[in-house]
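S.K.: My structure file query26.cif, mmCIF, C-alpha atoms and all ligand atoms, is below:
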data_data
#
loop_
_atom_site.label_atom_id
_atom_site.label_comp_id
_atom_site.auth_asym_id
_atom_site.auth_seq_id
_atom_site.Cartn_x
_atom_site.Cartn_y
_atom_site.Cartn_z
CA MET A 100 3.23 17.97 24.96
CA SER A 101 2.14 20.58 22.43
CA HIS A 102 -1.41 20.28 21.09
CA LEU A 103 -0.10 19.81 17.53
CA LEU A 104 2.24 17.04 18.67
CA SER A 105 -0.46 15.09 20.49
CA GLN A 106 -2.82 15.41 17.50
CA VAL A 107 -0.14 14.11 15.13
CA GLU A 108 0.77 11.29 17.52
CA GLN A 109 -2.85 10.16 17.68
CA LEU A 110 -3.33 10.27 13.91
CA VAL A 111 -0.14 8.36 13.20
CA LYS A 112 -0.85 5.79 15.90
CA THR A 113 -4.27 5.06 14.38
CA LYS A 114 -2.91 4.90 10.83
CA PHE A 115 0.00 2.54 11.63
CA MET A 116 -1.43 0.34 14.39
CA ASP A 117 -2.39 -2.54 12.06
CA GLN A 118 0.50 -2.30 9.56
CA GLU A 119 2.79 -5.31 9.24
CA GLY A 120 5.62 -5.54 11.80
CA SER A 121 8.37 -3.84 9.78
CA HIS A 122 6.45 -0.58 9.45
CA ASP A 123 3.94 -0.49 12.28
CA TRP A 124 3.34 2.10 15.00
CA HIS A 125 6.11 0.52 17.12
CA HIS A 126 8.66 1.30 14.36
CA ILE A 127 7.52 4.93 14.32
CA ASP A 128 7.67 5.12 18.12
CA ARG A 129 11.20 3.60 18.23
CA VAL A 130 12.38 6.10 15.60
CA ARG A 131 10.94 8.94 17.68
CA LYS A 132 12.76 7.65 20.80
CA ASN A 133 16.04 7.12 18.91
CA ALA A 134 15.75 10.61 17.41
CA LEU A 135 15.17 12.30 20.77
CA LEU A 136 18.14 10.36 22.16
CA LEU A 137 20.38 11.62 19.33
CA GLN A 138 19.06 15.17 19.89
CA ARG A 139 20.54 15.17 23.41
CA THR A 140 24.09 15.10 22.04
CA SER A 141 23.63 16.59 18.56
CA GLY A 142 21.15 19.39 19.32
CA GLY A 143 18.41 20.54 16.95
CA ASP A 144 14.83 21.60 17.66
CA PRO A 145 13.10 18.80 19.64
CA LEU A 146 9.60 19.69 18.34
CA ILE A 147 10.72 19.53 14.71
CA ILE A 148 12.56 16.27 15.39
CA GLU A 149 9.61 14.63 17.13
CA LEU A 150 7.07 15.71 14.49
CA ALA A 151 9.31 14.61 11.62
CA ALA A 152 10.00 11.25 13.29
CA LEU A 153 6.26 10.67 13.79
CA LEU A 154 5.52 11.59 10.15
CA HIS A 155 8.59 10.15 8.37
CA ASP A 156 6.77 7.09 6.93
CA TYR A 157 3.33 8.78 6.60
CA SER A 158 3.08 8.02 2.88
CA ASP A 159 6.02 5.74 2.14
CA HIS A 160 6.84 4.90 -1.52
CA LYS A 161 6.88 1.20 -0.57
CA TYR A 162 3.21 1.41 0.43
CA ASN A 163 1.78 4.12 -1.86
CA GLY A 164 2.45 2.60 -5.28
CA GLY A 165 6.00 3.92 -5.66
CA ASP A 166 5.52 7.72 -5.36
CA PHE A 167 8.63 9.26 -3.71
CA GLU A 168 7.15 12.80 -3.55
CA LYS A 169 3.73 12.01 -2.15
CA GLY A 170 4.94 11.51 1.44
CA SER A 171 6.24 15.03 1.90
CA GLN A 172 3.22 16.60 0.10
CA GLU A 173 0.73 14.74 2.29
CA VAL A 174 2.66 15.66 5.42
CA TYR A 175 2.70 19.34 4.40
CA GLU A 176 -1.06 19.35 3.76
CA LEU A 177 -1.80 17.51 7.01
CA LEU A 178 0.21 19.99 9.09
CA ILE A 179 -1.43 22.99 7.42
CA GLN A 180 -4.83 21.41 8.07
CA LEU A 181 -3.87 21.07 11.74
CA HIS A 182 -3.02 24.82 11.76
CA ALA A 183 0.75 24.39 12.05
CA PRO A 184 2.71 27.54 11.08
CA GLU A 185 3.64 27.37 7.35
CA PRO A 186 7.45 27.46 7.89
CA LEU A 187 7.17 24.54 10.35
CA ALA A 188 5.05 22.50 7.89
CA HIS A 189 7.55 23.29 5.13
CA LYS A 190 10.54 22.19 7.19
CA ILE A 191 8.95 18.91 8.33
CA ALA A 192 7.93 18.13 4.71
CA GLN A 193 11.51 18.80 3.59
CA ILE A 194 12.87 16.42 6.23
CA VAL A 195 10.36 13.69 5.30
CA SER A 196 11.52 13.85 1.68
CA ILE A 197 15.18 13.11 2.60
CA VAL A 198 14.68 10.32 5.16
CA SER A 199 14.12 7.37 2.82
CA TYR A 200 17.02 5.25 1.53
CA LYS A 201 17.16 5.40 -2.27
CA GLY A 202 19.89 2.92 -3.23
CA ALA A 203 23.59 2.21 -2.59
CA GLY A 204 24.80 4.51 -5.38
CA VAL A 205 22.41 7.41 -4.66
CA ASN A 206 24.01 10.35 -2.84
CA ASP A 207 22.07 11.40 0.26
CA ASP A 208 23.92 14.33 1.84
CA CYS A 209 21.65 16.22 4.22
CA THR A 210 22.00 19.87 5.18
CA ILE A 211 19.23 20.05 7.81
CA LEU A 212 20.43 19.01 11.29
CA GLU A 213 16.99 17.74 12.32
CA GLY A 214 16.84 15.75 9.05
CA SER A 215 20.15 14.03 9.75
CA ILE A 216 18.91 13.14 13.22
CA VAL A 217 15.59 11.65 12.09
CA ARG A 218 17.25 9.77 9.25
CA ASP A 219 19.95 8.36 11.52
CA ALA A 220 17.21 7.31 13.96
CA ASP A 221 15.25 5.57 11.16
CA ARG A 222 18.42 3.86 9.99
CA LEU A 223 19.31 2.67 13.49
CA ASP A 224 15.95 0.87 13.53
CA ALA A 225 16.89 -0.83 10.23
CA ILE A 226 20.01 -2.52 11.66
CA GLY A 227 20.92 -4.79 14.61
CA ALA A 228 18.51 -7.38 16.03
CA ILE A 229 15.45 -5.27 15.25
CA GLY A 230 16.77 -4.58 11.77
CA ILE A 231 17.09 -8.32 11.09
CA ALA A 232 13.58 -8.96 12.40
CA ARG A 233 12.13 -6.10 10.32
CA ALA A 234 13.85 -7.20 7.12
CA PHE A 235 12.38 -10.70 7.31
CA ALA A 236 8.98 -9.36 8.34
CA PHE A 237 8.98 -7.07 5.27
CA GLY A 238 10.26 -9.84 2.99
CA GLY A 239 7.58 -12.20 4.32
CA SER A 240 4.88 -9.60 3.74
CA ARG A 241 5.95 -9.42 0.06
CA ASN A 242 6.32 -13.20 -0.35
CA ARG A 243 10.08 -12.99 -0.87
CA ALA A 244 12.50 -15.90 -0.37
CA LEU A 245 14.78 -15.77 2.68
CA TYR A 246 17.79 -16.32 0.42
CA ASP A 247 18.65 -17.50 -3.09
CA PRO A 248 22.37 -18.06 -3.80
CA SER A 249 21.77 -17.80 -7.57
CA HIS A 250 20.64 -14.16 -7.24
CA PRO A 251 23.55 -11.92 -6.10
CA PRO A 252 22.99 -8.41 -4.69
CA THR A 253 22.86 -5.25 -6.87
CA LEU A 254 24.25 -1.86 -5.79
CA HIS A 255 21.47 0.33 -7.23
CA GLU A 256 22.39 3.63 -8.91
CA SER A 257 18.87 5.10 -8.93
CA LYS A 258 15.94 5.22 -6.56
CA GLU A 259 13.69 3.71 -9.25
CA ALA A 260 15.97 0.69 -9.73
CA TYR A 261 16.18 0.25 -5.94
CA ALA A 262 12.41 0.43 -5.49
CA GLN A 263 11.69 -2.01 -8.33
CA ASP A 264 14.05 -4.75 -7.15
CA LYS A 265 12.12 -7.66 -5.67
CA SER A 266 14.94 -9.95 -4.65
CA HIS A 267 15.35 -12.14 -1.57
CA THR A 268 15.84 -10.73 1.91
CA ILE A 269 19.53 -11.66 2.38
CA ASN A 270 20.31 -9.35 -0.58
CA HIS A 271 18.75 -6.46 1.33
CA PHE A 272 21.59 -6.73 3.86
CA TYR A 273 24.18 -6.14 1.10
CA GLU A 274 22.10 -3.57 -0.79
CA LYS A 275 21.22 -1.45 2.23
CA LEU A 276 21.54 -2.66 5.81
CA LEU A 277 25.34 -3.24 5.90
CA LEU A 278 25.92 0.13 4.18
CA LEU A 279 24.06 2.18 6.78
CA LYS A 280 26.82 2.26 9.43
CA ASP A 281 29.00 4.45 7.18
CA ARG A 282 26.08 6.71 6.22
CA MET A 283 25.22 7.79 9.76
CA GLU A 284 25.81 11.50 10.24
CA THR A 285 25.58 12.13 13.99
CA PRO A 286 28.39 10.90 16.31
CA ALA A 287 26.01 9.12 18.71
CA ALA A 288 24.34 7.20 15.86
CA LYS A 289 27.73 6.18 14.45
CA GLN A 290 28.62 4.70 17.83
CA ILE A 291 25.35 2.76 18.26
CA ALA A 292 25.51 1.62 14.62
CA ALA A 293 28.96 0.02 15.05
CA GLN A 294 27.65 -2.47 17.60
CA ARG A 295 24.45 -3.23 15.67
CA HIS A 296 26.47 -3.70 12.47
CA ALA A 297 28.75 -6.27 14.12
CA TYR A 298 25.65 -8.16 15.31
CA MET A 299 24.28 -8.35 11.74
CA GLU A 300 27.64 -9.57 10.40
CA ALA A 301 27.68 -12.36 12.99
CA PHE A 302 24.11 -13.26 12.01
CA LEU A 303 25.08 -13.52 8.33
CA VAL A 304 28.11 -15.71 9.09
CA GLN A 305 25.92 -18.10 11.09
CA PHE A 306 23.17 -18.02 8.43
CA MET A 307 25.65 -19.03 5.69
CA GLN A 308 27.17 -21.75 7.88
CA GLU A 309 23.72 -23.25 8.39
CA TRP A 310 22.86 -22.88 4.67
CA ASN A 311 26.08 -24.62 3.56
CA PRO A 312 26.74 -27.27 6.23
P1 LIG B 401 13.42 3.71 4.27
O1 LIG B 401 12.57 4.91 4.31
O2 LIG B 401 14.87 3.99 4.25
O3 LIG B 401 13.00 2.75 3.19
P2 LIG B 401 11.87 2.51 6.35
O4 LIG B 401 11.90 2.90 7.77
O5 LIG B 401 10.66 2.88 5.56
O6 LIG B 401 13.19 3.05 5.66
O7 LIG B 401 11.99 0.95 6.31
C1 LIG B 401 12.85 0.27 5.55
C2 LIG B 401 12.87 -1.12 6.13
O8 LIG B 401 11.95 -1.95 5.44
C3 LIG B 401 14.21 -1.77 5.91
O9 LIG B 401 15.15 -1.39 6.83
C4 LIG B 401 13.84 -3.23 5.97
O10 LIG B 401 13.64 -3.66 7.27
C5 LIG B 401 12.51 -3.21 5.25
N1 LIG B 401 12.74 -3.40 3.83
C6 LIG B 401 12.62 -2.52 2.84
N2 LIG B 401 12.92 -3.08 1.62
C7 LIG B 401 13.23 -4.37 1.90
C8 LIG B 401 13.61 -5.49 1.11
N3 LIG B 401 13.75 -5.42 -0.22
N4 LIG B 401 13.86 -6.66 1.76
C9 LIG B 401 13.71 -6.76 3.08
N5 LIG B 401 13.36 -5.74 3.88
C10 LIG B 401 13.12 -4.56 3.31
NI NI B 402 10.91 4.27 8.91
#
Show me, as C-alpha cells, the structure contained in the file I just sent.

M.R.:
Amino acid sequence: MSHLLSQVEQLVKTKFMDQEGSHDWHHIDRVRKNALLLQRTSGGDPLIIELAALLHDYSDHKYNGGDFEKGSQEVYELLIQLHAPEPLAHKIAQIVSIVSYKGAGVNDDCTILEGSIVRDADRLDAIGAIGIARAFAFGGSRNRALYDPSHPPTLHESKEAYAQDKSHTINHFYEKLLLLKDRMETPAAKQIAAQRHAYMEAFLVQFMQEWNP
C-alpha cells in the first residue's frame, strides 16, 4: 500500500469510527471494496479510486451544516498537506464533489471514469439490505418517523430542496433509493443494483401490507 494511501486510511478510520451506523467507517470501507470490485471490469486508476472512496464523505453536507463545496475543498487541502502531487489532489477533490446525490430532478452526468466508479460504489451501499438498514439508521439519528401516509414523497429539482427536506424514511426510498438503479453508470454496478433493487421493492410491499392489515 502506498504511504499516502495508508495515511489517508488511518485518518479516515479515526474520523469515522464513532459516527452513526449509516455513515461510519464500515460504510467507507464497503464503498472502497465495492469501488475496487467495479474497477476490475471497468478499469480506471486503482490509487485514485481507492483514495476517492476513502475520502468521499470526508466533509459531507449532511454533517457539515449543509455546505456542498466544503467536502472537496477540505479533501484537496488534506492531500496537499500530506504531500500528494497537486494534479492527484485536484482530481480526487473533483471526484468527491460529484459523488453526492442531489435530488431526483438534478442531472448528475459524470465525465471522470474513476468518479463514476466511486459514485456507483457509494450508491450500491445505499440500496439492498444494507441500504434499508442505513436509511432507518440515518432516519433514527435525525428523529424521523418510519413512515407517515399523509406526507407523500417529493421529486426534488434542486440540491437545496433535497437537503432541506426532513420527511419520514419511507419517502427516502421514493426520493432516492429506488431511483439509483437507473443512475448507475458502470455495467457491473447496474447488474448488482438490479438484484438489490428487487429486494427493496419486496421490502416495501411487505412493509405496506403490515401497515395496512
Ligand atoms: P450521498 O452522498 O449520495 O448523500 P451517502 O453515502 O453520504 O450518499 O449516504 C446517503 C445515505 O444516507 C442514504 O443512502 C441513506 O441511507 C441515508 N440518508 C440520507 N438522507 C436520508 C433521509 N432523508 N432518510 C433516510 N436516510 C437518509
Ligand atoms: Ni457515502

S.K.: Would you mind listing what lies within 10 Å of Asn242 of chain A as a PyMOL selection string, with only C-alpha atoms counted and same-chain residues fewer than 4 positions away left out?

M.R.: chain A and resi 236-238+265+267

S.K.: Do you have, as a Markdown table, the list of residues of chain A lying at most 6 Å from ligand LIG 401 (chain B), each with its nearest atom pair and that distance in Å to one decimal, counting only C-alpha atoms and all ligand atoms and ordered by chain then number?

M.R.:
| residue | atom | partner | partner_atom | distance |
| --- | --- | --- | --- | --- |
| A:Ser121 | CA | B:LIG401 | O10 | 5.8 |
| A:Asp156 | CA | B:LIG401 | O5 | 5.9 |
| A:Val198 | CA | B:LIG401 | O1 | 5.9 |
| A:Ser199 | CA | B:LIG401 | O1 | 3.3 |
| A:Tyr200 | CA | B:LIG401 | O2 | 3.7 |
| A:Asp221 | CA | B:LIG401 | O4 | 5.5 |
| A:Ala225 | CA | B:LIG401 | O9 | 3.9 |
| A:Gly230 | CA | B:LIG401 | O10 | 5.6 |
| A:Arg233 | CA | B:LIG401 | O10 | 4.2 |
| A:Ala234 | CA | B:LIG401 | O10 | 3.5 |
| A:Phe235 | CA | B:LIG401 | C9 | 5.9 |
| A:Phe237 | CA | B:LIG401 | N5 | 4.8 |
| A:Gly238 | CA | B:LIG401 | C9 | 4.6 |
| A:Thr268 | CA | B:LIG401 | N4 | 4.5 |
| A:His271 | CA | B:LIG401 | N4 | 4.9 |

S.K.: Please identify all polymer residues lying at most 12 Å from the point (22.5, -16.4, -3.0) (file coordinates), using all atoms listed in the file, and present the result as an mmCIF file with C-alpha atoms, keeping the file's coordinate frame.

M.R.:
data_model
loop_
_atom_site.group_PDB
_atom_site.id
_atom_site.type_symbol
_atom_site.label_atom_id
_atom_site.label_comp_id
_atom_site.auth_asym_id
_atom_site.auth_seq_id
_atom_site.Cartn_x
_atom_site.Cartn_y
_atom_site.Cartn_z
ATOM 1 C CA ALA A 244 12.500 -15.900 -0.370
ATOM 2 C CA LEU A 245 14.780 -15.770 2.680
ATOM 3 C CA TYR A 246 17.790 -16.320 0.420
ATOM 4 C CA ASP A 247 18.650 -17.500 -3.090
ATOM 5 C CA PRO A 248 22.370 -18.060 -3.800
ATOM 6 C CA SER A 249 21.770 -17.800 -7.570
ATOM 7 C CA HIS A 250 20.640 -14.160 -7.240
ATOM 8 C CA PRO A 251 23.550 -11.920 -6.100
ATOM 9 C CA PRO A 252 22.990 -8.410 -4.690
ATOM 10 C CA THR A 253 22.860 -5.250 -6.870
ATOM 11 C CA SER A 266 14.940 -9.950 -4.650
ATOM 12 C CA HIS A 267 15.350 -12.140 -1.570
ATOM 13 C CA THR A 268 15.840 -10.730 1.910
ATOM 14 C CA ILE A 269 19.530 -11.660 2.380
ATOM 15 C CA ASN A 270 20.310 -9.350 -0.580
ATOM 16 C CA HIS A 271 18.750 -6.460 1.330
ATOM 17 C CA PHE A 272 21.590 -6.730 3.860
ATOM 18 C CA TYR A 273 24.180 -6.140 1.100
ATOM 19 C CA LEU A 303 25.080 -13.520 8.330
ATOM 20 C CA PHE A 306 23.170 -18.020 8.430
ATOM 21 C CA MET A 307 25.650 -19.030 5.690
ATOM 22 C CA TRP A 310 22.860 -22.880 4.670
ATOM 23 C CA ASN A 311 26.080 -24.620 3.560
#

S.K.: Any residue with an atom at most 10 Å from ligand NI 402 (chain B) counts, using only C-alpha atoms and all ligand atoms. Which are they? Put them as a ChimeraX atom specification.

M.R.: /A:121-124,126-131,152-157,159,198-200,217-218,220-225

S.K.: Which distance in Å separates atom CA of Gln106 of chain A and atom CA of Leu212 of chain A, to one decimal?

M.R.: 24.3 Å

S.K.: Counting only C-alpha atoms, figure out which residue out of A:Leu254, A:Ile147, A:Ala203, A:Ala293 gets nearest to Gly227 of chain A.

M.R.: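 Looking at the shortest contact to Gly227 of chain A, the residue is A:Ala293.
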
S.K.: Restricting the calculation to only C-alpha atoms, which member of A:Ala151, A:Ile229, A:Ala297, A:Ala292 is positioned closest to Ile191 of chain A?

M.R.: A:Ala151

S.K.: Quick one, how far is atom CA of Glu119 of chain A from atom CA of Ser240 of chain A?

M.R.: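 These two atoms are separated by 7.3 Å.
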
S.K.: How many Å lie between atom CA of Ile194 of chain A and atom CA of Gln180 of chain A, rounded to one decimal?

M.R.: 18.5 Å
